[in-house]
Each structure stands twice: as C-alpha cells, then as structure tokens.
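Pasting my_file_26.cif here (mmCIF, C-alpha atoms (C1' of nucleotides)):
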```cif
data_final
loop_
_atom_site.label_atom_id
_atom_site.label_comp_id
_atom_site.auth_asym_id
_atom_site.auth_seq_id
_atom_site.Cartn_x
_atom_site.Cartn_y
_atom_site.Cartn_z
CA MET A 185 -24.90 29.07 -5.95
CA VAL A 186 -21.73 30.48 -7.39
CA THR A 187 -18.86 29.91 -5.03
CA ASP A 188 -15.32 31.11 -5.06
CA ALA A 189 -14.47 27.79 -6.62
CA HIS A 190 -16.81 28.35 -9.55
CA GLN A 191 -15.37 31.81 -10.01
CA ILE A 192 -11.84 30.46 -10.02
CA PHE A 193 -12.67 27.73 -12.51
CA ASN A 194 -14.52 30.07 -14.84
CA ASP A 195 -11.70 32.57 -14.75
CA PHE A 196 -9.26 29.82 -15.53
CA ILE A 197 -11.34 28.52 -18.42
CA LYS A 198 -11.79 31.97 -19.93
CA GLY A 199 -8.20 32.92 -19.36
CA ALA A 200 -7.09 29.85 -21.28
CA GLY A 201 -9.44 30.61 -24.18
CA LEU A 202 -11.56 27.57 -23.39
CA ARG A 203 -15.34 27.28 -23.23
CA GLY A 204 -17.81 26.66 -20.48
CA THR A 205 -19.97 23.59 -20.99
CA GLU A 206 -22.70 21.77 -19.13
CA GLN A 207 -20.42 18.81 -18.65
CA ARG A 208 -17.66 20.84 -17.09
CA ALA A 209 -20.11 22.53 -14.76
CA LEU A 210 -21.55 19.19 -13.70
CA ILE A 211 -18.17 17.63 -13.12
CA LEU A 212 -16.97 20.62 -11.12
CA ASP A 213 -20.10 20.60 -8.97
CA THR A 214 -19.77 16.91 -8.38
CA PHE A 215 -16.15 17.24 -7.39
CA LEU A 216 -16.91 20.16 -5.08
CA ASN A 217 -19.48 18.02 -3.30
CA THR A 218 -17.00 15.30 -2.46
CA ASP A 219 -14.94 15.07 0.68
CA GLU A 220 -12.81 12.05 0.10
CA HIS A 221 -9.97 11.52 -2.30
CA VAL A 222 -11.84 10.66 -5.47
CA SER A 223 -10.58 8.92 -8.56
CA VAL A 224 -11.73 9.63 -12.10
CA ASP A 225 -13.66 6.41 -11.88
CA ASP A 226 -15.41 7.50 -8.68
CA LEU A 227 -16.40 10.80 -10.24
CA PHE A 228 -17.46 9.16 -13.47
CA GLY A 229 -19.86 7.01 -11.49
CA MET A 230 -21.33 9.99 -9.65
CA VAL A 231 -21.60 12.15 -12.71
CA LYS A 232 -23.34 9.48 -14.72
CA LEU A 233 -26.23 9.54 -12.25
CA GLU A 234 -26.97 13.05 -13.48
CA ASN A 235 -26.04 12.67 -17.10
CA LYS A 236 -26.00 9.18 -18.54
CA LYS A 237 -24.34 10.23 -21.75
CA ILE A 238 -21.24 11.76 -20.29
CA GLY A 239 -18.01 10.04 -21.21
CA TYR A 240 -15.13 8.89 -19.07
CA ALA A 241 -12.68 10.88 -21.14
CA THR A 242 -14.60 14.08 -20.47
CA VAL A 243 -14.43 13.48 -16.73
CA HIS A 244 -10.75 12.77 -17.03
CA ARG A 245 -10.07 15.85 -19.13
CA THR A 246 -12.11 18.06 -16.86
CA MET A 247 -10.36 16.86 -13.70
CA LYS A 248 -7.13 17.80 -15.39
CA LEU A 249 -8.50 21.28 -16.00
CA ILE A 250 -9.78 21.57 -12.46
CA THR A 251 -6.35 20.59 -11.24
CA GLU A 252 -4.70 23.15 -13.52
CA SER A 253 -7.08 25.79 -12.25
CA GLY A 254 -5.71 25.17 -8.79
CA LEU A 255 -8.91 23.78 -7.27
CA ALA A 256 -7.72 20.19 -7.06
CA ARG A 257 -4.51 18.42 -6.28
CA GLU A 258 -3.62 15.03 -7.63
CA VAL A 259 -2.51 12.40 -5.12
CA VAL A 260 -1.36 8.89 -5.85
CA PHE A 261 -1.26 6.22 -3.16
CA ASN A 262 0.21 2.77 -3.40
CA ASP A 263 -2.45 1.36 -5.70
CA GLY A 264 -1.18 3.63 -8.44
CA ILE A 265 -4.54 5.21 -9.15
CA ALA A 266 -4.72 9.00 -9.41
CA ARG A 267 -7.07 10.61 -6.92
CA PHE A 268 -8.05 14.23 -6.47
CA GLU A 269 -8.42 16.24 -3.33
CA HIS A 270 -9.56 19.80 -2.71
CA THR A 271 -7.04 22.57 -2.33
CA LEU A 272 -9.41 25.28 -1.14
CA ASP A 273 -9.80 25.59 2.62
CA THR A 274 -7.44 22.70 3.11
CA GLY A 275 -3.98 23.93 3.81
CA HIS A 276 -1.18 21.77 2.65
CA HIS A 277 -1.01 18.51 4.54
CA HIS A 278 0.28 14.96 4.50
CA HIS A 279 -1.36 11.56 4.60
CA PHE A 280 -1.59 8.48 6.72
CA VAL A 281 -2.98 5.60 4.68
CA CYS A 282 -4.36 2.60 6.51
CA LYS A 283 -3.44 -0.61 4.73
CA SER A 284 -6.25 -2.45 6.42
CA CYS A 285 -9.28 -0.24 5.77
CA ASP A 286 -7.82 2.14 3.15
CA ALA A 287 -8.77 5.14 5.22
CA VAL A 288 -6.79 8.25 4.46
CA ILE A 289 -6.08 10.49 7.41
CA GLU A 290 -4.72 13.93 6.73
CA PHE A 291 -2.32 15.57 9.10
CA ASN A 292 -0.22 18.67 9.36
CA SER A 293 3.18 19.06 10.82
CA ASP A 294 5.03 22.30 11.23
CA ALA A 295 8.04 20.26 12.24
CA VAL A 296 8.09 18.42 8.92
CA ASP A 297 7.60 21.64 6.99
CA ALA A 298 10.40 23.36 8.89
CA GLU A 299 12.70 20.41 8.40
CA GLU A 300 11.94 20.38 4.71
CA LYS A 301 12.97 24.02 4.47
CA ARG A 302 16.16 23.33 6.34
CA LEU A 303 16.99 20.37 4.11
CA ALA A 304 16.23 22.24 0.92
CA LYS A 305 18.58 24.98 2.00
CA ALA A 306 21.28 22.51 2.97
CA TYR A 307 21.06 20.71 -0.38
CA GLY A 308 20.55 23.83 -2.48
CA PHE A 309 17.23 22.45 -3.61
CA GLU A 310 14.29 24.58 -4.73
CA VAL A 311 11.12 22.90 -3.48
CA GLN A 312 8.12 22.83 -5.77
CA SER A 313 6.00 20.15 -4.19
CA HIS A 314 6.27 17.18 -1.91
CA HIS A 315 4.47 14.09 -0.79
CA PHE A 316 4.76 12.60 2.62
CA LYS A 317 2.73 9.46 3.00
CA ILE A 318 2.82 7.12 5.94
CA TYR A 319 1.40 3.65 5.47
CA GLY A 320 0.35 1.44 8.33
CA ILE A 321 -2.60 0.45 10.46
CA CYS A 322 -4.97 3.04 11.84
CA LYS A 323 -6.16 3.30 15.41
CA GLU A 324 -9.55 1.81 14.66
CA CYS A 325 -8.17 -1.20 12.83
CA ARG A 326 -5.60 -1.83 15.52
CA ARG A 327 -8.35 -1.87 18.10
CA LYS A 328 -10.39 -4.32 16.03
CA LYS A 329 -7.42 -6.60 15.52
CA ARG A 330 -6.84 -6.87 19.25
CA THR A 331 -10.32 -8.24 19.77
CA MET B 1449 31.13 -14.48 -4.53
CA VAL B 1450 28.25 -15.27 -2.29
CA THR B 1451 27.24 -12.22 -0.36
CA ASP B 1452 24.81 -11.72 2.44
CA ALA B 1453 22.35 -10.69 -0.20
CA HIS B 1454 22.66 -13.98 -2.04
CA GLN B 1455 22.23 -15.80 1.22
CA ILE B 1456 19.10 -13.84 2.06
CA PHE B 1457 17.58 -14.40 -1.35
CA ASN B 1458 18.34 -18.10 -1.37
CA ASP B 1459 16.90 -18.53 2.10
CA PHE B 1460 13.80 -16.69 1.01
CA ILE B 1461 13.41 -18.80 -2.11
CA LYS B 1462 13.86 -22.04 -0.24
CA GLY B 1463 11.65 -20.94 2.61
CA ALA B 1464 8.86 -20.23 0.16
CA GLY B 1465 9.23 -23.61 -1.53
CA LEU B 1466 10.50 -21.98 -4.71
CA ARG B 1467 13.42 -22.95 -6.89
CA GLY B 1468 16.73 -21.43 -7.73
CA THR B 1469 17.30 -20.79 -11.41
CA GLU B 1470 19.94 -19.27 -13.63
CA GLN B 1471 17.64 -16.42 -14.52
CA ARG B 1472 16.95 -15.51 -10.92
CA ALA B 1473 20.64 -15.59 -10.14
CA LEU B 1474 21.43 -13.36 -13.10
CA ILE B 1475 18.69 -10.89 -12.28
CA LEU B 1476 19.72 -10.72 -8.64
CA ASP B 1477 23.37 -10.17 -9.57
CA THR B 1478 22.40 -7.49 -12.02
CA PHE B 1479 20.26 -5.73 -9.49
CA LEU B 1480 22.97 -5.94 -6.85
CA ASN B 1481 25.37 -4.25 -9.23
CA THR B 1482 23.18 -1.22 -9.73
CA ASP B 1483 23.32 1.94 -7.71
CA GLU B 1484 20.49 3.97 -9.10
CA HIS B 1485 16.78 3.44 -8.82
CA VAL B 1486 16.19 0.96 -11.60
CA SER B 1487 12.96 0.08 -13.33
CA VAL B 1488 12.05 -3.36 -14.64
CA ASP B 1489 12.77 -1.98 -18.07
CA ASP B 1490 16.24 -0.82 -17.05
CA LEU B 1491 17.04 -4.22 -15.57
CA PHE B 1492 15.57 -6.03 -18.55
CA GLY B 1493 17.97 -4.11 -20.79
CA MET B 1494 20.98 -4.97 -18.62
CA VAL B 1495 20.05 -8.58 -18.17
CA LYS B 1496 19.53 -9.13 -21.89
CA LEU B 1497 23.17 -8.30 -22.50
CA GLU B 1498 24.04 -11.49 -20.62
CA ASN B 1499 21.14 -13.66 -21.69
CA LYS B 1500 19.35 -12.71 -24.87
CA LYS B 1501 16.53 -15.16 -24.32
CA ILE B 1502 15.38 -13.88 -20.97
CA GLY B 1503 11.87 -12.48 -20.89
CA TYR B 1504 10.53 -9.25 -19.49
CA ALA B 1505 8.01 -11.12 -17.37
CA THR B 1506 10.77 -13.09 -15.69
CA VAL B 1507 12.59 -9.92 -14.74
CA HIS B 1508 9.38 -8.50 -13.43
CA ARG B 1509 8.51 -11.60 -11.43
CA THR B 1510 11.99 -11.87 -10.03
CA MET B 1511 12.10 -8.25 -8.91
CA LYS B 1512 8.91 -8.93 -7.04
CA LEU B 1513 10.56 -11.86 -5.31
CA ILE B 1514 13.66 -9.84 -4.52
CA THR B 1515 11.43 -7.20 -3.01
CA GLU B 1516 9.57 -9.80 -0.97
CA SER B 1517 12.88 -11.20 0.22
CA GLY B 1518 13.61 -7.80 1.70
CA LEU B 1519 16.55 -6.95 -0.53
CA ALA B 1520 14.78 -4.33 -2.59
CA ARG B 1521 12.25 -1.64 -1.95
CA GLU B 1522 9.83 -0.41 -4.57
CA VAL B 1523 9.68 3.34 -5.11
CA VAL B 1524 7.36 5.20 -7.43
CA PHE B 1525 8.05 8.78 -8.47
CA ASN B 1526 5.75 11.08 -10.38
CA ASP B 1527 6.09 9.31 -13.71
CA GLY B 1528 4.22 6.35 -12.24
CA ILE B 1529 6.90 3.82 -13.11
CA ALA B 1530 7.98 1.38 -10.40
CA ARG B 1531 11.66 1.50 -9.56
CA PHE B 1532 13.70 -0.57 -7.16
CA GLU B 1533 16.34 0.47 -4.70
CA HIS B 1534 18.56 -1.48 -2.36
CA THR B 1535 17.65 -1.94 1.25
CA LEU B 1536 20.91 -3.46 2.45
CA ASP B 1537 23.51 -1.04 3.75
CA THR B 1538 21.26 1.84 2.94
CA GLY B 1539 19.40 2.91 5.98
CA HIS B 1540 15.97 4.21 5.44
CA HIS B 1541 15.94 7.54 3.69
CA HIS B 1542 13.85 9.98 1.69
CA HIS B 1543 14.13 11.47 -1.79
CA PHE B 1544 14.56 14.75 -3.53
CA VAL B 1545 13.59 14.43 -7.18
CA CYS B 1546 14.77 17.09 -9.60
CA LYS B 1547 12.07 17.89 -12.12
CA SER B 1548 14.62 19.31 -14.49
CA CYS B 1549 17.25 16.56 -14.72
CA ASP B 1550 15.37 13.70 -13.01
CA ALA B 1551 18.21 13.22 -10.54
CA VAL B 1552 17.19 11.49 -7.35
CA ILE B 1553 19.00 12.64 -4.25
CA GLU B 1554 18.63 10.61 -1.11
CA PHE B 1555 18.65 12.24 2.28
CA ASN B 1556 18.14 11.33 5.88
CA SER B 1557 16.49 13.32 8.55
CA ASP B 1558 16.32 12.38 12.17
CA ALA B 1559 13.94 15.27 12.64
CA VAL B 1560 11.46 13.82 10.14
CA ASP B 1561 11.77 10.37 11.65
CA ALA B 1562 11.23 11.68 15.15
CA GLU B 1563 8.27 13.72 14.04
CA GLU B 1564 6.80 10.69 12.33
CA LYS B 1565 7.03 8.75 15.56
CA ARG B 1566 5.40 11.56 17.46
CA LEU B 1567 2.57 11.81 14.93
CA ALA B 1568 1.99 8.08 14.84
CA LYS B 1569 1.66 8.05 18.58
CA ALA B 1570 -0.67 11.03 18.55
CA TYR B 1571 -2.92 9.44 15.95
CA GLY B 1572 -2.69 5.92 17.30
CA PHE B 1573 -1.22 4.81 14.00
CA GLU B 1574 1.09 1.85 13.56
CA VAL B 1575 3.67 2.78 10.95
CA GLN B 1576 4.68 0.14 8.43
CA SER B 1577 6.31 2.24 5.74
CA HIS B 1578 6.43 5.74 4.46
CA HIS B 1579 7.45 7.79 1.50
CA PHE B 1580 8.65 11.34 1.72
CA LYS B 1581 9.43 12.79 -1.67
CA ILE B 1582 10.30 16.37 -2.38
CA TYR B 1583 10.06 17.55 -5.96
CA GLY B 1584 11.81 20.64 -7.22
CA ILE B 1585 14.97 21.86 -8.90
CA CYS B 1586 18.35 20.65 -7.77
CA LYS B 1587 21.35 22.79 -7.01
CA GLU B 1588 23.09 21.98 -10.27
CA CYS B 1589 20.06 22.77 -12.42
CA ARG B 1590 19.43 26.00 -10.57
CA ARG B 1591 22.99 27.04 -11.25
CA LYS B 1592 22.64 26.23 -14.94
CA LYS B 1593 19.38 28.12 -15.21
CA ARG B 1594 20.94 31.26 -13.82
CA THR B 1595 23.50 31.32 -16.62
"C1'" DT C 1076 -27.80 34.08 -37.11
"C1'" DG C 1077 -23.59 32.18 -39.05
"C1'" DC C 1078 -19.09 30.66 -38.60
"C1'" DT C 1079 -14.97 29.35 -36.46
"C1'" DT C 1080 -13.13 26.62 -33.17
"C1'" DA C 1081 -13.41 24.02 -28.93
"C1'" DT C 1082 -15.71 20.07 -26.87
"C1'" DT C 1083 -17.77 15.80 -26.60
"C1'" DG C 1084 -18.36 10.74 -26.57
"C1'" DA C 1085 -17.13 6.39 -28.39
"C1'" DA C 1086 -13.78 3.78 -29.60
"C1'" DA C 1087 -9.15 2.82 -30.29
"C1'" DA C 1088 -4.34 3.46 -28.75
"C1'" DT C 1089 -0.99 3.52 -25.27
"C1'" DG C 1090 2.16 1.76 -21.97
"C1'" DA C 1091 3.30 -0.41 -17.75
"C1'" DT C 1092 2.21 -4.40 -15.54
"C1'" DT C 1093 0.25 -8.99 -15.01
"C1'" DT C 1094 -1.50 -13.35 -16.60
"C1'" DT C 1095 -1.81 -17.42 -19.54
"C1'" DC C 1096 -0.14 -21.55 -21.19
"C1'" DA C 1097 2.72 -24.82 -23.51
"C1'" DT C 1098 7.38 -26.02 -22.92
"C1'" DT C 1099 11.42 -26.47 -20.21
"C1'" DT C 1100 13.82 -26.90 -15.92
"C1'" DT C 1101 14.48 -27.88 -11.08
"C1'" DC C 1102 14.85 -30.96 -7.45
"C1'" DT C 1103 12.84 -34.45 -4.45
"C1'" DA C 1104 12.18 -39.15 -3.72
"C1'" DT C 1105 13.26 -43.25 -5.49
"C1'" DA D 1217 21.66 -41.39 -11.29
"C1'" DT D 1218 16.79 -40.81 -12.74
"C1'" DA D 1219 11.83 -40.46 -13.12
"C1'" DG D 1220 8.11 -37.75 -11.92
"C1'" DA D 1221 5.77 -33.89 -9.76
"C1'" DA D 1222 5.74 -29.19 -9.52
"C1'" DA D 1223 7.66 -24.74 -10.42
"C1'" DA D 1224 9.73 -21.50 -13.81
"C1'" DT D 1225 10.30 -19.63 -18.22
"C1'" DG D 1226 9.32 -16.94 -22.42
"C1'" DA D 1227 6.20 -15.32 -25.82
"C1'" DA D 1228 2.15 -13.59 -26.46
"C1'" DA D 1229 -2.09 -12.03 -24.93
"C1'" DA D 1230 -4.82 -9.76 -21.31
"C1'" DT D 1231 -5.47 -6.00 -17.99
"C1'" DC D 1232 -6.36 -1.66 -16.53
"C1'" DA D 1233 -5.83 3.20 -15.96
"C1'" DT D 1234 -4.98 6.73 -18.81
"C1'" DT D 1235 -4.61 9.26 -23.14
"C1'" DT D 1236 -5.55 10.11 -27.94
"C1'" DT D 1237 -8.23 10.14 -32.19
"C1'" DC D 1238 -11.88 11.66 -34.89
"C1'" DA D 1239 -16.37 12.64 -36.57
"C1'" DA D 1240 -20.31 14.88 -34.77
"C1'" DT D 1241 -21.95 18.52 -31.81
"C1'" DA D 1242 -22.02 22.82 -29.24
"C1'" DA D 1243 -20.19 27.38 -27.63
"C1'" DG D 1244 -19.72 32.05 -28.25
"C1'" DC D 1245 -17.81 35.86 -30.96
"C1'" DA D 1246 -18.68 38.84 -35.03
#
```

Render the structure in this file as structure tokens.
Amino acid sequence: MVTDAHQIFNDFIKGAGLRGTEQRALILDTFLNTDEHVSVDDLFGMVKLENKKIGYATVHRTMKLITESGLAREVVFNDGIARFEHTLDTGHHHHFVCKSCDAVIEFNSDAVDAEEKRLAKAYGFEVQSHHFKIYGICKECRRKKRT
Amino acid sequence: MVTDAHQIFNDFIKGAGLRGTEQRALILDTFLNTDEHVSVDDLFGMVKLENKKIGYATVHRTMKLITESGLAREVVFNDGIARFEHTLDTGHHHHFVCKSCDAVIEFNSDAVDAEEKRLAKAYGFEVQSHHFKIYGICKECRRKKRT
DNA sequence: TGCTTATTGAAAATGATTTTCATTTTCTAT
DNA sequence: ATAGAAAATGAAAATCATTTTCAATAAGCA
C-alpha cells in the first residue's frame, strides 16, 4: 500500500538526490504504524524484529530524514530523549505529560494559538515553532492516588 | 550580605542533613549574580575565576541542590543543554528563543495561564509545571536581515 | 552490465551529565 | 577544643543518547 506518506518521503528522497533502500522503507513503515511518541530506541527495537542486521545509526539517520521530509516532528520531554510524532492528520497541538505514568496527552487550544500570535506581534517576533508542555498528574493517576 | 536566597538555601541544606561548604557558598553567590540562563559550564567558568581548584562535578551537584531548594529552575532549550534561571522575584514566565542570535526573551501572559487552568480542569489534569517556548527570529534580527 | 556515489553497519567518537572513590572537610557529641 | 562519623570534594572514569567514521555493500544512472 503506497500512502500519501510514502509518496511524500519518496519525493523528498529523490528531490535531495538520495536513494531508496530497503532499510529506509522498513523504518518508514514501522514509524507509520506507531501511534505513540517513539524514540530511536523504540523504533530500533521494532525494526530489528523484521531485520536483525539493521543498525541503530541507520534508524537514527532515517528518522532524521523522515523528519526533514515533513512526516515526523521531533519532541523532547523532560527525560531529554528525542521522540518522534506524526505530522500528517495531526494538526499542531500541545502536550500534557503525566509525571506518574508518563502518559502523553495531546491537546489543542485556539486560545493559546491566538495569544501566541498576539505576543509575537507585540514583541516583533517571527514565530517558527513552539513547544507548550504541561507536566503534572493525569486524571487517571489522580483517581488512583485517592484510593 | 545574607539575602533571603542565602537563608532559603541554608535552611534547605540543614533540613536535608547536608553541610555548608565554601564551594556551595561560592557557587550560590555566583549563580545569584547572574541574570541570564546559565549552564553548568557557564557557572563552572565563572566559579573557577574565584577558586581554581573547584571541580565541574561540584558545580553540577550544587546547581542540583540549588534547584531542589527552590531558588533555581532548570530550563532546556533546543540545544539540549540544561540551563538555570532564578525563581525569586521572577514570577513564572515563558520564553521566546531567537534562532538567529540565541537571545532568550521572557514574557508573561495571563491569557496563557488562564487557558492552562481551563484546560487542566477540562482534562482533569493536576498541573505541576509547564514550559512554553516559542522559537523564531527576534525583532532585532529581523531588522538586520532586512538590511 | 559497469561505474559512480550513496548507504549501511559496526565500532569508535562525542559531549553533556553522572558516578566512583580516595582524600579532605564539616560538624556533632564528647 | 577535639575526635570521630559522615558528608563533600575533585579528578577521573563511566554513562548514555547521539553522531561520526570508514570499509564494505548496494542503488541506479549511463
């Protein structure tokens, strides 16, 4: 099945004068099948199930390419490890991170976006990207703690 | 001069059954005299001017203590390096980071804070901390670029 | 098919942070 | 004051994610 995502990645690869390889295809497919925010390590583990010989560096390099192609976005939470999330079909959003169970809850906020625009204008700042992360305890964990 | 900050740190140290040392005093004073967001490396450089024998690990360990005492807050921007900022006399705030000149501009926004509260309530989330960072090009750099 | 050039995988390098450990220092209890 | 127990220090080594190196391999154009 060739999805939009595959098309986008292939176009990117060709446009940059790079080559398509089995490894890249496997890593892309694996990433596309994830939902969560996955680290290179996570992906390396998954990818090795299909191809034992694949190297960590290849996964790392490919995730960089996938990010450059626009299909992934890199996110870093408090543990300092880079994770990747999908950009397709997921509009821009922010994150709640639960410090108890590590769950990541995505949310949108027009109010935050509007305020950002207002602030940028007020400060003469040209916005390229932003990260809004709220750390705390999620609903579920709060409920459990009360028990 | 013993400031509130010194008092807070000493209380913290004693309360934790730790000991006051020359190095800790020097590192705290040095940190208190900074304005910017300083890394362990930055502080190590400053502190060495006063005490050539002091070790990097001591600066690192002490900054962790100062953070635990509540006097500093750790902030990480896109370069992945931990930096420390003051918590005293600086209400909570957010950051613009200029990708061109690396300037960090702090800003406040009641609108963002209010929205955060609303969201937390809506999601049943208990907020402990948050980071809102906007990356882009600052006013000054935009002006220069236009030249 | 052959050839040029990119890619791969393994291992080593990097760089910030953290730990180890022998020595030194603090500070409590005498 | 001072001895002794415990914490802190500094230098060096260890960690750990990430990045680079490099020789061998593979892709894809001519």

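Ranking C:DT1082, C:DT1076, C:DT1101, C:DT1093 by their shortest atom-to-atom distance to His1508 of chain B, with all atoms listed in the file included, puts C:DT1093 first.
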
Check what the PyMOL selection byres ((chain B and resi 1462-1471) around 9) selects in the file above and give those residues as a PyMOL selection string.
-> (chain B and resi 1457-1461+1472-1476+1495+1499+1502+1506-1507+1510) or (chain C and resi 1100-1102) or (chain D and resi 1223-1225)

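Note on the selection: in this file the PyMOL selection byres ((chain D and resi 1240) around 9) comes out as DT1083 of chain C; DA1239 and DT1241 of chain D.
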
Residues at most 10 Å from DG1220 of chain D, counting all atoms listed in the file, excluding those fewer than 3 positions away in the same chain, as a ChimeraX atom specification?
-> /C:1103-1105

Could you state which residues are captured by the PyMOL selection byres ((chain C and resi 1084-1090) around 8) in this file, as a ChimeraX atom specification?
-> /A:237-239,241-242 /C:1083,1091 /D:1235-1237

Quote the spacing between atom CA of Glu269 of chain A and atom CA of Ile250 of chain A in Å to one decimal place.
-> 10.7 Å

Check the smallest atom-to-atom distance from each of B:Asp1490, B:Asp1477, B:Glu1498, B:Glu1574 to Leu1519 of chain B using only C-alpha atoms, then report the winner.
-> B:Asp1477

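Rounded to one decimal, atom CA of His1579 of chain B and atom CA of His1542 of chain B lie 6.8 Å from each other.
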
Using only C-alpha atoms, which chain B residues lie at most 12 Å away from chain A, written as a PyMOL selection string?
-> chain B and resi 1522-1530+1542-1548+1551-1591

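The two atoms in question, atom CA of Leu1491 of chain B and atom CA of Ile1456 of chain B, are spaced 20.2 Å apart.
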
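Of the listed residues A:His190, A:Lys236, A:Lys329, A:His221, the one whose atoms come nearest to chain C is A:Lys236, with distances taken using all atoms listed in the file.
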
Find the residues around DT1094 of chain C up to 12 Å (all atoms listed in the file counted), leave out those fewer than 6 positions away in its own chain, and share them as a PyMOL selection string.
-> (chain B and resi 1505+1509) or (chain D and resi 1228-1231)

Residues from last step as file, C-alpha atoms (C1' of nucleotides), as a JSON list (two decimals), in the coordinates of the input:
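The resulting selection24.json:
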```json
[["chain", "number", "residue", "atom", "x", "y", "z"],
["B", 1505, "ALA", "CA", 8.01, -11.12, -17.37],
["B", 1509, "ARG", "CA", 8.51, -11.60, -11.43],
["D", 1228, "DA", "C1'", 2.15, -13.59, -26.46],
["D", 1229, "DA", "C1'", -2.09, -12.03, -24.93],
["D", 1230, "DA", "C1'", -4.82, -9.76, -21.31],
["D", 1231, "DT", "C1'", -5.47, -6.00, -17.99]]
```

Using all atoms listed in the file, find the residues of chain D whose closest atom to chain A is at most 12 Å away, then write them as a PyMOL selection string.
-> chain D and resi 1232-1237+1242-1245

Segment 1077-1087 of chain C, all listed atoms, 3 Å padding on each side: what axis-aligned box centre and edge lengths in Å to one decimal come out, as lines of an AutoDock Vina configuration file?
```
center_x = -16.4
center_y = 17.5
center_z = -32.8
size_x = 20.4
size_y = 35.4
size_z = 18.5
```

Option closest in space to Ala1453 of chain B, from B:Met1494, B:Val1486, B:Leu1513, B:Leu1536 [counting only C-alpha atoms] = B:Leu1536

With N, CA and C atoms as the target, complete segment 1463-1480 of chain B and hand it back as a PDB file, keeping the file's coordinate frame.
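Final output, out.pdb:
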```
ATOM      1  N   GLY B1463      12.694 -21.022   1.595  1.00  0.00           N
ATOM      2  CA  GLY B1463      11.650 -20.940   2.610  1.00  0.00           C
ATOM      3  C   GLY B1463      10.252 -20.904   2.012  1.00  0.00           C
ATOM      4  N   ALA B1464      10.169 -20.346   0.799  1.00  0.00           N
ATOM      5  CA  ALA B1464       8.860 -20.230   0.160  1.00  0.00           C
ATOM      6  C   ALA B1464       8.552 -21.442  -0.715  1.00  0.00           C
ATOM      7  N   GLY B1465       9.459 -22.430  -0.699  1.00  0.00           N
ATOM      8  CA  GLY B1465       9.230 -23.610  -1.530  1.00  0.00           C
ATOM      9  C   GLY B1465       9.434 -23.333  -3.010  1.00  0.00           C
ATOM     10  N   LEU B1466      10.243 -22.319  -3.303  1.00  0.00           N
ATOM     11  CA  LEU B1466      10.500 -21.980  -4.710  1.00  0.00           C
ATOM     12  C   LEU B1466      11.843 -22.567  -5.123  1.00  0.00           C
ATOM     13  N   ARG B1467      12.195 -22.343  -6.364  1.00  0.00           N
ATOM     14  CA  ARG B1467      13.420 -22.950  -6.890  1.00  0.00           C
ATOM     15  C   ARG B1467      14.427 -21.931  -7.375  1.00  0.00           C
ATOM     16  N   GLY B1468      15.689 -22.293  -7.198  1.00  0.00           N
ATOM     17  CA  GLY B1468      16.730 -21.430  -7.730  1.00  0.00           C
ATOM     18  C   GLY B1468      16.916 -21.679  -9.209  1.00  0.00           C
ATOM     19  N   THR B1469      17.092 -20.617  -9.970  1.00  0.00           N
ATOM     20  CA  THR B1469      17.300 -20.790 -11.410  1.00  0.00           C
ATOM     21  C   THR B1469      18.394 -19.833 -11.867  1.00  0.00           C
ATOM     22  N   GLU B1470      18.919 -20.139 -13.040  1.00  0.00           N
ATOM     23  CA  GLU B1470      19.940 -19.270 -13.630  1.00  0.00           C
ATOM     24  C   GLU B1470      19.426 -17.850 -13.778  1.00  0.00           C
ATOM     25  N   GLN B1471      18.193 -17.753 -14.275  1.00  0.00           N
ATOM     26  CA  GLN B1471      17.640 -16.420 -14.520  1.00  0.00           C
ATOM     27  C   GLN B1471      17.555 -15.613 -13.236  1.00  0.00           C
ATOM     28  N   ARG B1472      17.075 -16.239 -12.183  1.00  0.00           N
ATOM     29  CA  ARG B1472      16.950 -15.510 -10.920  1.00  0.00           C
ATOM     30  C   ARG B1472      18.308 -15.065 -10.417  1.00  0.00           C
ATOM     31  N   ALA B1473      19.292 -15.941 -10.594  1.00  0.00           N
ATOM     32  CA  ALA B1473      20.640 -15.590 -10.140  1.00  0.00           C
ATOM     33  C   ALA B1473      21.160 -14.392 -10.940  1.00  0.00           C
ATOM     34  N   LEU B1474      20.939 -14.445 -12.240  1.00  0.00           N
ATOM     35  CA  LEU B1474      21.430 -13.360 -13.100  1.00  0.00           C
ATOM     36  C   LEU B1474      20.738 -12.043 -12.771  1.00  0.00           C
ATOM     37  N   ILE B1475      19.439 -12.106 -12.570  1.00  0.00           N
ATOM     38  CA  ILE B1475      18.690 -10.890 -12.280  1.00  0.00           C
ATOM     39  C   ILE B1475      19.104 -10.317 -10.921  1.00  0.00           C
ATOM     40  N   LEU B1476      19.289 -11.204  -9.955  1.00  0.00           N
ATOM     41  CA  LEU B1476      19.720 -10.720  -8.640  1.00  0.00           C
ATOM     42  C   LEU B1476      21.097 -10.066  -8.738  1.00  0.00           C
ATOM     43  N   ASP B1477      22.025 -10.742  -9.418  1.00  0.00           N
ATOM     44  CA  ASP B1477      23.370 -10.170  -9.570  1.00  0.00           C
ATOM     45  C   ASP B1477      23.314  -8.814 -10.247  1.00  0.00           C
ATOM     46  N   THR B1478      22.503  -8.751 -11.280  1.00  0.00           N
ATOM     47  CA  THR B1478      22.400  -7.490 -12.020  1.00  0.00           C
ATOM     48  C   THR B1478      21.862  -6.391 -11.127  1.00  0.00           C
ATOM     49  N   PHE B1479      20.828  -6.735 -10.391  1.00  0.00           N
ATOM     50  CA  PHE B1479      20.260  -5.730  -9.490  1.00  0.00           C
ATOM     51  C   PHE B1479      21.280  -5.303  -8.445  1.00  0.00           C
ATOM     52  N   LEU B1480      21.997  -6.258  -7.900  1.00  0.00           N
ATOM     53  CA  LEU B1480      22.970  -5.940  -6.850  1.00  0.00           C
ATOM     54  C   LEU B1480      24.083  -5.034  -7.365  1.00  0.00           C
TER      55      LEU B1480
END
```
